[in-house]
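File shown: model_5.tsv (TSV, C-alpha atoms and all ligand atoms).
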chain	number	residue	atom	x	y	z
A	98	MET	CA	93.21	65.78	77.25
A	99	SER	CA	89.76	66.96	76.48
A	100	LYS	CA	89.18	69.40	73.71
A	101	LEU	CA	88.61	72.06	76.29
A	102	PHE	CA	92.23	72.00	77.06
A	103	ASN	CA	94.08	74.98	75.66
A	104	LEU	CA	97.62	75.99	75.64
A	105	VAL	CA	99.54	79.09	75.07
A	106	LEU	CA	103.22	79.61	75.16
A	107	LEU	CA	105.34	82.68	75.04
A	108	THR	CA	109.14	82.82	74.15
A	109	LEU	CA	110.22	83.42	77.05
A	110	PHE	CA	106.94	83.19	78.34
A	111	LEU	CA	103.87	81.65	77.11
A	112	ILE	CA	100.43	80.60	77.16
A	113	LEU	CA	97.78	78.43	75.78
A	114	PHE	CA	94.15	77.79	75.65
A	115	VAL	CA	90.98	76.48	74.22
A	116	GLN	CA	87.26	77.14	74.15
A	117	ALA	CA	84.33	78.75	72.59
A	118	GLY	CA	82.48	81.60	74.08
A	119	LYS	CA	81.04	84.98	73.78
A	120	HIS	CA	83.06	87.99	73.99
A	121	SER	CA	82.85	91.51	75.04
A	122	LYS	CA	84.47	93.98	72.79
A	123	LYS	CA	87.23	95.89	74.34
A	124	SER	CA	88.16	99.24	73.07
A	125	HIS	CA	91.12	99.06	70.83
A	126	GLU	CA	93.67	101.70	70.42
A	127	LYS	CA	92.42	103.95	67.77
A	128	GLY	CA	95.54	105.98	67.27
A	129	LYS	CA	95.80	107.07	63.72
A	130	ILE	CA	99.00	106.10	62.15
A	131	LYS	CA	100.46	108.60	59.90
A	132	THR	CA	103.47	107.29	58.12
A	133	LEU	CA	106.30	108.79	56.26
A	134	ILE	CA	104.88	107.21	53.15
A	135	ASN	CA	101.87	109.46	53.35
A	136	LYS	CA	104.02	112.47	53.38
A	137	LYS	CA	105.80	114.00	50.50
A	138	GLN	CA	109.39	112.98	50.75
A	139	ASN	CA	110.37	116.52	51.14
A	140	GLN	CA	113.80	117.29	52.51
A	141	ALA	CA	112.47	119.95	54.79
A	142	ASP	CA	110.07	117.59	56.57
A	143	CYS	CA	110.29	117.76	60.30
A	144	TYR	CA	110.29	114.59	62.32
A	145	ASP	CA	108.45	116.72	64.80
A	146	ASP	CA	105.42	116.79	62.47
A	147	ILE	CA	105.13	113.04	62.29
A	148	ASP	CA	102.87	111.39	64.86
A	149	SER	CA	104.65	108.06	64.75
A	150	PRO	CA	108.20	108.75	63.70
A	151	TYR	CA	109.51	105.27	64.32
A	152	VAL	CA	107.78	103.27	61.62
A	153	PHE	CA	110.88	102.68	59.51
A	154	PHE	CA	113.30	101.76	62.21
A	155	GLY	CA	113.54	98.06	61.47
A	156	THR	CA	113.62	95.97	64.58
A	157	LYS	CA	113.37	99.12	66.67
A	158	THR	CA	109.88	99.82	65.39
A	159	SER	CA	107.28	98.82	67.92
A	160	TYR	CA	104.79	96.12	66.97
A	161	ARG	CA	102.08	98.55	67.92
A	162	TRP	CA	102.78	100.77	64.94
A	163	ASN	CA	103.02	98.05	62.34
A	164	ARG	CA	100.30	95.80	63.65
A	165	ASN	CA	97.71	94.17	61.45
A	166	LYS	CA	94.72	96.41	61.90
A	167	ASN	CA	92.26	93.73	60.89
A	168	ASP	CA	90.72	92.50	64.11
A	169	ASP	CA	88.06	90.25	62.57
A	170	GLU	CA	87.76	86.78	63.98
A	171	VAL	CA	89.91	84.28	62.08
A	172	THR	CA	87.52	81.77	60.56
A	173	PRO	CA	88.97	79.65	57.77
A	174	PRO	CA	86.11	77.84	55.99
A	175	GLY	CA	85.36	74.49	57.57
A	176	CYS	CA	87.59	75.10	60.58
A	177	VAL	CA	86.93	75.92	64.19
A	178	ALA	CA	89.82	76.93	66.42
A	179	GLN	CA	90.37	74.34	69.13
A	180	GLN	CA	93.70	75.33	70.58
A	181	PHE	CA	95.93	78.33	70.66
A	182	TRP	CA	99.66	78.09	71.23
A	183	LEU	CA	101.99	81.03	71.34
A	184	LEU	CA	105.71	81.07	71.86
A	185	ALA	CA	106.64	84.73	72.07
A	186	ARG	CA	109.65	86.84	72.82
A	187	HIS	CA	109.67	89.52	75.44
A	188	GLY	CA	108.85	93.12	74.53
A	189	SER	CA	111.26	96.01	74.16
A	190	ARG	CA	113.76	96.17	76.94
A	191	ASN	CA	116.55	98.44	78.04
A	192	PRO	CA	120.06	97.84	76.75
A	193	THR	CA	122.45	96.27	79.21
A	194	THR	CA	123.81	98.41	82.02
A	195	LYS	CA	127.22	98.38	80.36
A	196	ASP	CA	125.76	99.72	77.11
A	197	MET	CA	123.63	102.28	78.91
A	198	ILE	CA	126.64	103.70	80.70
A	199	LYS	CA	128.28	104.15	77.31
A	200	LEU	CA	125.16	105.67	75.78
A	201	LYS	CA	124.79	108.05	78.67
A	202	SER	CA	128.20	109.53	78.03
A	203	VAL	CA	128.30	109.38	74.23
A	204	LEU	CA	124.80	110.49	73.25
A	205	PRO	CA	125.11	113.98	74.79
A	206	LEU	CA	128.28	114.48	72.76
A	207	ILE	CA	126.45	113.60	69.57
A	208	GLN	CA	123.61	115.85	70.64
A	209	ARG	CA	125.99	118.78	71.09
A	210	GLU	CA	127.65	118.13	67.74
A	211	ILE	CA	124.34	118.14	65.90
A	212	VAL	CA	123.17	121.32	67.54
A	213	SER	CA	126.43	123.20	67.04
A	214	ASN	CA	126.59	122.12	63.40
A	215	TYR	CA	123.07	123.41	62.90
A	216	LYS	CA	124.04	126.72	64.47
A	217	ALA	CA	127.02	126.94	62.14
A	218	GLY	CA	124.67	126.58	59.17
A	219	ARG	CA	125.39	122.95	58.41
A	220	GLY	CA	122.89	120.14	57.98
A	221	SER	CA	119.26	120.16	56.87
A	222	LEU	CA	117.33	119.46	60.04
A	223	CYS	CA	114.37	121.71	60.69
A	224	LYS	CA	114.19	124.12	63.58
A	225	ASP	CA	111.64	122.15	65.60
A	226	ASP	CA	113.72	118.98	65.40
A	227	ILE	CA	116.75	120.91	66.60
A	228	LYS	CA	114.71	122.36	69.45
A	229	ASN	CA	113.63	118.87	70.45
A	230	LEU	CA	117.19	117.63	70.27
A	231	GLU	CA	118.35	120.49	72.46
A	232	LYS	CA	115.77	119.55	75.08
A	233	TRP	CA	116.64	115.85	74.97
A	234	LYS	CA	118.07	114.28	78.09
A	235	PHE	CA	119.16	110.77	78.94
A	236	HIS	CA	116.36	109.72	81.26
A	237	ALA	CA	116.91	106.02	81.70
A	238	ASP	CA	118.40	104.63	84.87
A	239	VAL	CA	121.56	102.76	83.94
A	240	ASP	CA	120.87	100.32	86.76
A	241	ASP	CA	117.74	99.15	84.94
A	242	GLY	CA	119.78	97.13	82.46
A	243	GLU	CA	117.69	94.75	80.34
A	244	LEU	CA	114.45	95.51	82.16
A	245	LEU	CA	111.27	95.61	80.13
A	246	VAL	CA	110.43	99.21	79.25
A	247	LYS	CA	106.97	100.75	79.13
A	248	GLU	CA	106.76	100.32	75.38
A	249	GLY	CA	107.59	96.63	75.75
A	250	PHE	CA	104.75	96.27	78.19
A	251	LYS	CA	102.36	97.99	75.79
A	252	GLU	CA	103.49	95.76	72.94
A	253	LEU	CA	102.69	92.54	74.73
A	254	LYS	CA	99.48	93.86	76.17
A	255	GLY	CA	98.39	94.85	72.66
A	256	ILE	CA	99.33	91.44	71.27
A	257	GLY	CA	97.25	89.72	73.98
A	258	ASP	CA	94.32	91.97	73.24
A	259	ARG	CA	94.54	91.48	69.48
A	260	PHE	CA	94.88	87.70	69.63
A	261	GLN	CA	91.84	87.60	71.83
A	262	HIS	CA	89.83	89.53	69.26
A	263	ARG	CA	90.98	87.34	66.42
A	264	PHE	CA	90.22	84.11	68.29
A	265	ARG	CA	87.35	85.43	70.30
A	266	SER	CA	85.38	82.22	70.50
A	267	LEU	CA	88.42	80.53	72.03
A	268	LEU	CA	90.14	83.16	74.13
A	269	THR	CA	87.39	84.95	75.93
A	270	ARG	CA	86.63	82.48	78.70
A	271	PRO	CA	87.70	83.39	82.18
A	272	PHE	CA	90.98	82.03	83.43
A	273	VAL	CA	90.90	78.52	84.88
A	274	ASN	CA	93.90	76.25	85.25
A	275	SER	CA	92.27	73.51	83.20
A	276	SER	CA	92.00	75.78	80.17
A	277	TYR	CA	95.08	77.96	80.14
A	278	ILE	CA	98.75	77.48	80.78
A	279	PHE	CA	101.09	80.46	81.06
A	280	GLN	CA	104.80	80.03	81.49
A	281	HIS	CA	107.78	82.31	81.20
A	282	THR	CA	111.50	81.96	81.62
A	283	ASP	CA	113.32	83.24	84.61
A	284	THR	CA	114.03	86.88	83.76
A	285	GLU	CA	112.27	90.09	84.68
A	286	ARG	CA	111.59	90.96	81.03
A	287	THR	CA	109.86	87.70	80.17
A	288	ASN	CA	107.97	87.64	83.43
A	289	ALA	CA	106.73	91.20	82.90
A	290	SER	CA	105.98	90.45	79.22
A	291	ALA	CA	103.91	87.38	80.10
A	292	ARG	CA	101.93	89.38	82.62
A	293	ALA	CA	101.38	92.21	80.14
A	294	PHE	CA	100.11	89.73	77.55
A	295	ALA	CA	97.73	88.19	80.08
A	296	LYS	CA	96.53	91.64	81.06
A	297	GLY	CA	95.71	92.36	77.42
A	298	MET	CA	93.64	89.19	77.32
A	299	PHE	CA	91.93	89.08	80.67
A	300	GLY	CA	91.81	92.77	81.53
A	301	LYS	CA	92.96	94.65	84.57
A	302	LYS	CA	90.11	93.35	86.66
A	303	ASN	CA	90.84	89.66	86.09
A	304	ILE	CA	94.58	89.55	85.69
A	305	GLY	CA	94.88	88.57	89.34
A	306	ASP	CA	93.22	85.21	88.54
A	307	VAL	CA	95.90	84.21	86.07
A	308	PHE	CA	98.31	81.62	87.34
A	309	PHE	CA	101.83	81.51	85.92
A	310	GLN	CA	103.31	78.06	86.10
A	311	LYS	CA	106.88	77.66	87.12
A	312	SER	CA	109.12	76.47	84.30
A	313	SER	CA	110.99	73.25	84.82
A	314	THR	CA	114.76	73.24	85.27
A	315	PRO	CA	116.27	72.85	82.78
A	316	ASP	CA	113.51	74.50	80.81
A	317	THR	CA	113.41	72.26	77.76
A	318	LEU	CA	110.10	73.72	76.60
A	319	LEU	CA	110.84	77.46	76.49
A	320	ARG	CA	114.58	77.22	76.10
A	321	TYR	CA	114.58	74.26	73.75
A	322	VAL	CA	116.68	76.08	71.19
A	323	ILE	CA	119.54	76.45	73.51
A	324	SER	CA	119.57	73.35	75.57
A	325	GLY	CA	122.93	71.76	75.08
A	326	LYS	CA	124.25	74.74	73.17
A	327	LYS	CA	126.77	77.36	74.10
A	328	LYS	CA	125.99	79.81	76.84
A	329	SER	CA	126.35	82.82	74.55
A	330	MET	CA	123.53	81.45	72.47
A	331	GLN	CA	121.47	81.17	75.57
A	332	THR	CA	121.94	84.80	76.40
A	333	GLN	CA	121.02	85.83	72.92
A	334	MET	CA	117.79	83.95	72.96
A	335	LEU	CA	116.65	85.41	76.21
B	1	LIG	C1	95.63	77.46	89.61
B	1	LIG	O1	96.53	76.57	90.23
B	1	LIG	C2	97.33	77.18	91.24
B	1	LIG	C3	98.35	76.15	91.73
B	1	LIG	O2	97.74	74.97	92.03
B	1	LIG	C4	96.44	77.73	92.36
B	1	LIG	O3	97.23	78.34	93.35
B	1	LIG	C5	95.46	78.73	91.77
B	1	LIG	O4	94.56	79.19	92.75
B	1	LIG	C6	94.70	78.11	90.61
B	1	LIG	N1	93.92	79.16	89.96
B	1	LIG	C7	92.63	79.03	89.67
B	1	LIG	C8	91.96	80.22	89.05
B	1	LIG	O5	92.02	78.01	89.87
B	2	LIG	C1	107.22	87.69	88.30
B	2	LIG	O1	106.73	88.98	88.60
B	2	LIG	C2	105.79	88.99	89.66
B	2	LIG	C3	105.16	90.37	89.70
B	2	LIG	O2	106.09	91.37	89.60
B	2	LIG	C4	106.50	88.59	90.94
B	2	LIG	O3	105.58	88.61	92.02
B	2	LIG	C5	107.04	87.17	90.74
B	2	LIG	O4	107.77	86.77	91.88
B	2	LIG	C6	107.93	87.09	89.51
B	2	LIG	N1	108.22	85.69	89.24
B	2	LIG	C7	109.44	85.25	89.07
B	2	LIG	C8	109.60	83.80	88.80
B	2	LIG	O5	110.41	85.99	89.14
Spell out the structure here as structure tokens.
Ligand SMILES: *[C@@H]1O[C@H](CO)[C@@H](O)[C@H](O)[C@H]1NC(C)=O
Ligand SMILES: *[C@@H]1O[C@H](CO)[C@@H](O)[C@H](O)[C@H]1NC(C)=O
Amino acid sequence: MSKLFNLVLLTLFLILFVQAGKHSKKSHEKGKIKTLINKKQNQADCYDDIDSPYVFFGTKTSYRWNRNKNDDEVTPPGCVAQQFWLLARHGSRNPTTKDMIKLKSVLPLIQREIVSNYKAGRGSLCKDDIKNLEKWKFHADVDDGELLVKEGFKELKGIGDRFQHRFRSLLTRPFVNSSYIFQHTDTERTNASARAFAKGMFGKKNIGDVFFQKSSTPDTLLRYVISGKKKSMQTQML
């Protein structure tokens, strides 16, 4: 194929491209990220005082908080980007319905324990954190098992936006089928993730132009890891 042919793939969805072009700067999230590191590790610290309390939560920490804040174009000496491939996983999703039913009954018990221990003078949580815990309610709908959550949408949208900035001479051309391929596997979370990513790249106005190709069955491209393997593995990957 010609060098204008680009590809992008996402894990469960994906994409690709190629090109060179000019680019209009989109406003990036400017949220300041205050981390626990910046604070004195003082016992009495309130989580309530921290703008982004989830930075040290391992895999539960959103990509948005730990992103690379350098959005300069990637230009290794002597190289010009010709293609972009991405195989990505879906963004944050709800637990399964079965797990959510459990969480819905167990979390309020833990909540009550924490609050009553505080009232009995035990523990070192600050007052504002206790107040927040007292107000907490289980909001999720247990029937929305495994659906992409709002944060997951924001994650993929941000990744699309950031990749576009970093490969701006390649990824700023309007969508045409001859330049981009987007594919996702057959679940709500990967479908919604792929669309969020494309929205980050093409913007709200042009997202309607993006065509999502149907994956083949069996999907040996996006589900290559699992083809021929056990079903449990399959579920894990997706
Ligand atoms: C891309 O291809 C699909 C399927 O052939 C078509 O429906 C769609 O209009 C095309 N999109 C563009 C922007 O050409
Ligand atoms: C993906 O999501 C879109 C928008 O919600 C929907 O119209 C489309 O049917 C979905 N595709 C698949 C394969 O489920």
Could you list, as an MDAnalysis selection string, every residue within 12 Å of Arg292 of chain A, counting all atoms listed in the file and ignoring same-chain residues fewer than 3 positions away? chainID A and resid 107 109:112 187:188 245 249:257 279:281 285:289 295:301 303:310
Under the rule that all atoms listed in the file are counted, which of A:Phe272, A:Leu318, A:Ser159, A:Ser313 is the nearest residue to ligand LIG 1 (chain B)?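 That would be A:Phe272, the residue with the smallest distance to ligand LIG 1 (chain B).
For the pair atom CA of Ile198 of chain A and atom CA of Lys234 of chain A, the separation is 13.9 Å.
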Surrounding residues of Val171 of chain A excluding itself and chain neighbours under 2 positions, 9 Å, all atoms listed in the file, as a PDB file with C-alpha atoms, in the frame of the given file:
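What ended up in out-v8.pdb:
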ATOM      1  CA  ASP A 168      90.720  92.500  64.110  1.00  0.00           C
ATOM      2  CA  ASP A 169      88.060  90.250  62.570  1.00  0.00           C
ATOM      3  CA  PRO A 173      88.970  79.650  57.770  1.00  0.00           C
ATOM      4  CA  ALA A 178      89.820  76.930  66.420  1.00  0.00           C
ATOM      5  CA  HIS A 262      89.830  89.530  69.260  1.00  0.00           C
ATOM      6  CA  ARG A 263      90.980  87.340  66.420  1.00  0.00           C
ATOM      7  CA  PHE A 264      90.220  84.110  68.290  1.00  0.00           C
ATOM      8  CA  ARG A 265      87.350  85.430  70.300  1.00  0.00           C
TER       9      ARG A 265
END
Among the residues A:Gly218, A:Pro315, A:Pro174, A:Pro205, the one that comes closest to Leu230 of chain A [using only C-alpha atoms]: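 The answer is A:Pro205, which sits nearest to Leu230 of chain A.
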Atom CA of Lys247 of chain A to atom CA of Phe294 of chain A: how many Å, to one decimal?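 It comes out at 13.1 Å.
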Between A:Ile147, A:Ile227, A:Leu184, A:Cys176, which is the closest to Tyr321 of chain A once you count all atoms listed in the file? A:Leu184
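When only C-alpha atoms are used to compute distances to Trp162 of chain A, the closest of the residues A:Asn191, A:Glu248, A:Asn214, A:His236 turns out to be A:Glu248.
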Interatomic distance, atom O1 of ligand LIG 2 (chain B) to atom CA of Thr282 of chain A (Å, one decimal):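 Those two atoms sit 11.0 Å apart.
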Measuring between all atoms listed in the file, which one of A:Ile211, A:Glu170, A:Asp240, A:Asn163 shows the shortest distance to Asp226 of chain A?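 The answer is A:Ile211, which sits nearest to Asp226 of chain A.
When all atoms listed in the file are used to measure the gap to Ala293 of chain A, the shortest distance among A:Tyr144, A:Lys199, A:Arg190, A:Asp258 belongs to A:Asp258.
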Identify, on the basis of all atoms listed in the file, every residue whose closest approach to Leu204 of chain A does not exceed 10 Å; exclude the query and any residue fewer than 4 positions from it along the same chain; express the result as a PyMOL selection string. chain A and resi 199-200+208-210+233-235
Could you work out an axis-aligned bounding box for all listed atoms of segment 194-213 of chain A, with 3 Å added on each of the six sides, and give its centre and edge lengths in Å to one decimal, as JSON?
{"center_x": 125.7, "center_y": 110.8, "center_z": 74.0, "size_x": 11.1, "size_y": 30.8, "size_z": 22.1}
